[in-house]
Amino acid sequence: MANYFDKFAQEANEYLNELAAGLGHPEEKGQTYILLRAVLHTLRDRITISESLHVLAQLPMFLKGVYVEQWQYREQPLPFASVAEFKDAVKQEQAKLGEQQFNWPQHTEDLIQMVLTSLGTRYLTEGQLQHIATQMPKEVQKLFPVDRKSGS
């Protein structure tokens, strides 16, 4: 059994290293993890339970754990109407892990896009990202690395 945990830890470290490098901050894996978790939790809380189950089916074990951590059942996803509200929700999630001063030069919107692109490149299919995007307000859909011509 320990071999499985070692494999999960290795895969998590490899992905965090890759994501941190892609974000332009290879030395800041802690902040990268906080950002990844914040984006996943913000998405999770704003899509339906059934859509979350589809997302979970595509994530590796280590991200499944991150995704479901502190998850609370809701009949309806949390509403929001704009990119600004989505960014604020990500920042609130970062603050839950003690990240108050996220001092990277990129805008939060760009960082969110980069995380979503990374997840889409590595784990989530374009179809899955499209399904998530369709549950978002039009303004927020632009954050997703999908072909918006085929979306709603």
# chains A, B, ... in the order shown; residues from 1 in each chain; ligands from 1
>>> residues_around(residues="Glu28 of chain A", least_positions_apart="2", cutoff="12 Å", atoms="only C-alpha atoms", output="PyMOL selection string")
chain A and resi 16-26+30-35+102-104
>>> write_last_selection(atoms="all heavy atoms", output="short mmCIF file (atom, residue, chain, number, x, y, z; two decimals), in the first residue's frame")
data_model
loop_
_atom_site.label_atom_id
_atom_site.label_comp_id
_atom_site.auth_asym_id
_atom_site.auth_seq_id
_atom_site.Cartn_x
_atom_site.Cartn_y
_atom_site.Cartn_z
N LEU A 16 2.90 19.67 -9.37
CA LEU A 16 3.13 20.99 -8.76
C LEU A 16 4.38 21.65 -9.32
O LEU A 16 4.39 22.86 -9.57
CB LEU A 16 3.24 20.87 -7.24
CG LEU A 16 1.91 20.82 -6.50
CD1 LEU A 16 2.15 20.62 -5.01
CD2 LEU A 16 1.09 22.07 -6.74
N ASN A 17 5.43 20.87 -9.55
CA ASN A 17 6.64 21.42 -10.17
C ASN A 17 6.34 21.96 -11.56
O ASN A 17 6.77 23.05 -11.93
CB ASN A 17 7.75 20.37 -10.25
CG ASN A 17 8.38 20.10 -8.91
OD1 ASN A 17 8.38 20.93 -8.02
ND2 ASN A 17 8.92 18.90 -8.76
N GLU A 18 5.59 21.17 -12.34
CA GLU A 18 5.22 21.57 -13.71
C GLU A 18 4.36 22.83 -13.69
O GLU A 18 4.59 23.77 -14.46
CB GLU A 18 4.48 20.42 -14.39
CG GLU A 18 3.97 20.72 -15.77
CD GLU A 18 3.13 19.57 -16.30
OE1 GLU A 18 3.65 18.44 -16.40
OE2 GLU A 18 1.95 19.80 -16.60
N LEU A 19 3.37 22.85 -12.81
CA LEU A 19 2.46 24.00 -12.73
C LEU A 19 3.22 25.25 -12.26
O LEU A 19 3.06 26.33 -12.84
CB LEU A 19 1.29 23.70 -11.80
CG LEU A 19 0.25 24.80 -11.65
CD1 LEU A 19 -0.38 25.19 -12.99
CD2 LEU A 19 -0.83 24.35 -10.67
N ALA A 20 4.05 25.11 -11.24
CA ALA A 20 4.82 26.25 -10.73
C ALA A 20 5.71 26.82 -11.83
O ALA A 20 5.80 28.04 -11.99
CB ALA A 20 5.65 25.82 -9.52
N ALA A 21 6.36 25.94 -12.60
CA ALA A 21 7.20 26.40 -13.70
C ALA A 21 6.35 27.11 -14.76
O ALA A 21 6.73 28.16 -15.28
CB ALA A 21 7.97 25.24 -14.31
N GLY A 22 5.20 26.53 -15.09
CA GLY A 22 4.30 27.13 -16.07
C GLY A 22 3.78 28.49 -15.65
O GLY A 22 3.53 29.36 -16.49
N LEU A 23 3.62 28.67 -14.35
CA LEU A 23 3.16 29.96 -13.81
C LEU A 23 4.29 30.97 -13.72
O LEU A 23 4.07 32.14 -13.43
CB LEU A 23 2.53 29.77 -12.43
CG LEU A 23 1.23 28.97 -12.38
CD1 LEU A 23 0.86 28.63 -10.93
CD2 LEU A 23 0.09 29.73 -13.04
N GLY A 24 5.52 30.49 -13.96
CA GLY A 24 6.68 31.38 -13.89
C GLY A 24 7.28 31.51 -12.51
O GLY A 24 8.06 32.42 -12.25
N HIS A 25 6.93 30.60 -11.61
CA HIS A 25 7.41 30.65 -10.23
C HIS A 25 7.84 29.26 -9.76
O HIS A 25 7.26 28.70 -8.82
CB HIS A 25 6.32 31.22 -9.31
CG HIS A 25 5.88 32.57 -9.73
ND1 HIS A 25 6.57 33.72 -9.41
CD2 HIS A 25 4.83 32.98 -10.50
CE1 HIS A 25 5.96 34.76 -9.94
NE2 HIS A 25 4.91 34.34 -10.62
N PRO A 26 8.85 28.67 -10.41
CA PRO A 26 9.22 27.29 -10.11
C PRO A 26 9.67 27.06 -8.67
O PRO A 26 9.58 25.94 -8.17
CB PRO A 26 10.35 26.99 -11.09
CG PRO A 26 10.87 28.33 -11.50
CD PRO A 26 9.70 29.27 -11.42
N GLY A 30 4.63 26.10 -2.69
CA GLY A 30 3.60 26.32 -1.67
C GLY A 30 2.52 27.25 -2.16
O GLY A 30 1.32 26.97 -2.03
N GLN A 31 2.92 28.36 -2.75
CA GLN A 31 1.93 29.30 -3.30
C GLN A 31 1.21 28.69 -4.50
O GLN A 31 0.02 28.94 -4.71
CB GLN A 31 2.58 30.62 -3.69
CG GLN A 31 2.84 31.52 -2.50
CD GLN A 31 3.34 32.90 -2.92
OE1 GLN A 31 4.30 33.00 -3.69
NE2 GLN A 31 2.70 33.94 -2.41
N THR A 32 1.92 27.89 -5.27
CA THR A 32 1.29 27.22 -6.41
C THR A 32 0.19 26.28 -5.93
O THR A 32 -0.90 26.26 -6.48
CB THR A 32 2.34 26.45 -7.23
OG1 THR A 32 3.31 27.37 -7.73
CG2 THR A 32 1.72 25.69 -8.38
N TYR A 33 0.48 25.51 -4.87
CA TYR A 33 -0.53 24.61 -4.32
C TYR A 33 -1.75 25.41 -3.83
O TYR A 33 -2.89 25.03 -4.08
CB TYR A 33 0.04 23.77 -3.17
CG TYR A 33 -1.04 23.07 -2.40
CD1 TYR A 33 -1.68 21.95 -2.92
CD2 TYR A 33 -1.49 23.57 -1.17
CE1 TYR A 33 -2.71 21.33 -2.24
CE2 TYR A 33 -2.52 22.96 -0.49
CZ TYR A 33 -3.13 21.84 -1.02
OH TYR A 33 -4.15 21.24 -0.36
N ILE A 34 -1.50 26.50 -3.13
CA ILE A 34 -2.59 27.32 -2.61
C ILE A 34 -3.47 27.84 -3.75
O ILE A 34 -4.70 27.80 -3.68
CB ILE A 34 -2.05 28.47 -1.73
CG1 ILE A 34 -1.48 27.89 -0.43
CG2 ILE A 34 -3.12 29.52 -1.46
CD1 ILE A 34 -0.71 28.89 0.41
N LEU A 35 -2.84 28.29 -4.82
CA LEU A 35 -3.59 28.78 -5.98
C LEU A 35 -4.39 27.65 -6.63
O LEU A 35 -5.57 27.81 -6.93
CB LEU A 35 -2.64 29.42 -7.00
CG LEU A 35 -3.29 29.87 -8.31
CD1 LEU A 35 -4.31 30.99 -8.07
CD2 LEU A 35 -2.21 30.32 -9.29
N PHE A 102 -0.33 37.64 -2.05
CA PHE A 102 0.07 36.88 -3.23
C PHE A 102 0.79 37.86 -4.15
O PHE A 102 0.18 38.59 -4.90
CB PHE A 102 -1.17 36.28 -3.90
CG PHE A 102 -0.90 34.98 -4.59
CD1 PHE A 102 -0.79 33.81 -3.86
CD2 PHE A 102 -0.74 34.92 -5.96
CE1 PHE A 102 -0.54 32.61 -4.47
CE2 PHE A 102 -0.48 33.72 -6.59
CZ PHE A 102 -0.39 32.56 -5.83
N ASN A 103 2.11 37.90 -4.06
CA ASN A 103 2.89 38.97 -4.66
C ASN A 103 3.43 38.66 -6.06
O ASN A 103 4.46 39.18 -6.45
CB ASN A 103 4.05 39.35 -3.73
CG ASN A 103 4.96 38.16 -3.44
OD1 ASN A 103 4.72 37.05 -3.91
ND2 ASN A 103 5.99 38.39 -2.67
N TRP A 104 2.75 37.81 -6.80
CA TRP A 104 3.18 37.54 -8.16
C TRP A 104 2.71 38.68 -9.06
O TRP A 104 1.63 39.25 -8.84
CB TRP A 104 2.63 36.22 -8.65
CG TRP A 104 3.20 35.02 -7.93
CD1 TRP A 104 4.20 35.02 -6.99
CD2 TRP A 104 2.79 33.67 -8.08
NE1 TRP A 104 4.44 33.74 -6.56
CE2 TRP A 104 3.59 32.89 -7.22
CE3 TRP A 104 1.83 33.04 -8.85
CZ2 TRP A 104 3.45 31.51 -7.12
CZ3 TRP A 104 1.71 31.67 -8.75
CH2 TRP A 104 2.51 30.91 -7.90
#
>>> residues_around(residues="Thr108 of chain A", least_positions_apart="6", cutoff="10 Å", atoms="only C-alpha atoms", output="tab-separated table (two decimals) with C-alpha atoms, in the first residue's frame")
chain	number	residue	atom	x	y	z
A	35	LEU	CA	-3.59	28.78	-5.98
A	84	ALA	CA	-14.52	39.94	-10.52
A	86	PHE	CA	-14.93	34.65	-9.38
A	87	LYS	CA	-11.51	36.25	-8.73
A	88	ASP	CA	-12.67	37.42	-5.31
A	90	VAL	CA	-10.37	32.52	-5.50
A	91	LYS	CA	-8.68	35.14	-3.31
A	102	PHE	CA	0.07	36.88	-3.23
A	114	MET	CA	-3.15	29.30	-16.49
>>> residues_around(residues="Ala89 of chain A", least_positions_apart="5", cutoff="12 Å", atoms="only C-alpha atoms", output="JSON, numbers by chain")
{"A": [35, 37, 38, 39, 40, 41, 42, 43, 44, 45, 46, 78, 79, 80, 81, 82, 83, 84, 94, 95, 96, 108, 109, 112]}
>>> atom_distance(atom1="atom CA of Pro137 of chain A", atom2="atom CA of Ser52 of chain A")
17.2 Å
>>> residues_around(residues="Leu56 of chain A", least_positions_apart="4", cutoff="10 Å", atoms="only C-alpha atoms", output="PDB file with C-alpha atoms, in the first residue's frame")
ATOM      1  CA  ARG A  44     -16.335  23.006  -7.255  1.00  0.00           C
ATOM      2  CA  SER A  50     -23.183  15.837 -10.898  1.00  0.00           C
ATOM      3  CA  GLU A  51     -20.659  17.950 -12.807  1.00  0.00           C
ATOM      4  CA  SER A  52     -18.265  17.720  -9.864  1.00  0.00           C
ATOM      5  CA  PRO A  60      -5.736  11.736 -10.320  1.00  0.00           C
ATOM      6  CA  MET A  61      -5.983  10.596  -6.704  1.00  0.00           C
ATOM      7  CA  LEU A  63      -6.165  16.078  -6.882  1.00  0.00           C
ATOM      8  CA  LYS A  64      -9.319  14.231  -5.867  1.00  0.00           C
ATOM      9  CA  GLY A  65      -8.253  14.731  -2.263  1.00  0.00           C
ATOM     10  CA  TYR A  67     -10.940  18.812  -4.641  1.00  0.00           C
ATOM     11  CA  VAL A  68     -13.086  17.232  -1.916  1.00  0.00           C
ATOM     12  CA  LEU A 124      -9.480  17.295 -17.870  1.00  0.00           C
TER      13      LEU A 124
END
>>> closest_residue(among="A:Asp6, A:Glu99, A:Glu11, A:Asp147", to="Ala133 of chain A", atoms="only C-alpha atoms")
A:Asp147
>>> select_by_dssp(residues="chain A", states="alpha helix (DSSP H)", output="ChimeraX atom specification")
/A:2-22,29-44,49-58,61-68,83-96,108-122,126-134,138-141
>>> closest_residue(among="A:Ala9, A:Leu111, A:Met136, A:Val146", to="Glu85 of chain A", atoms="only C-alpha atoms")
A:Met136
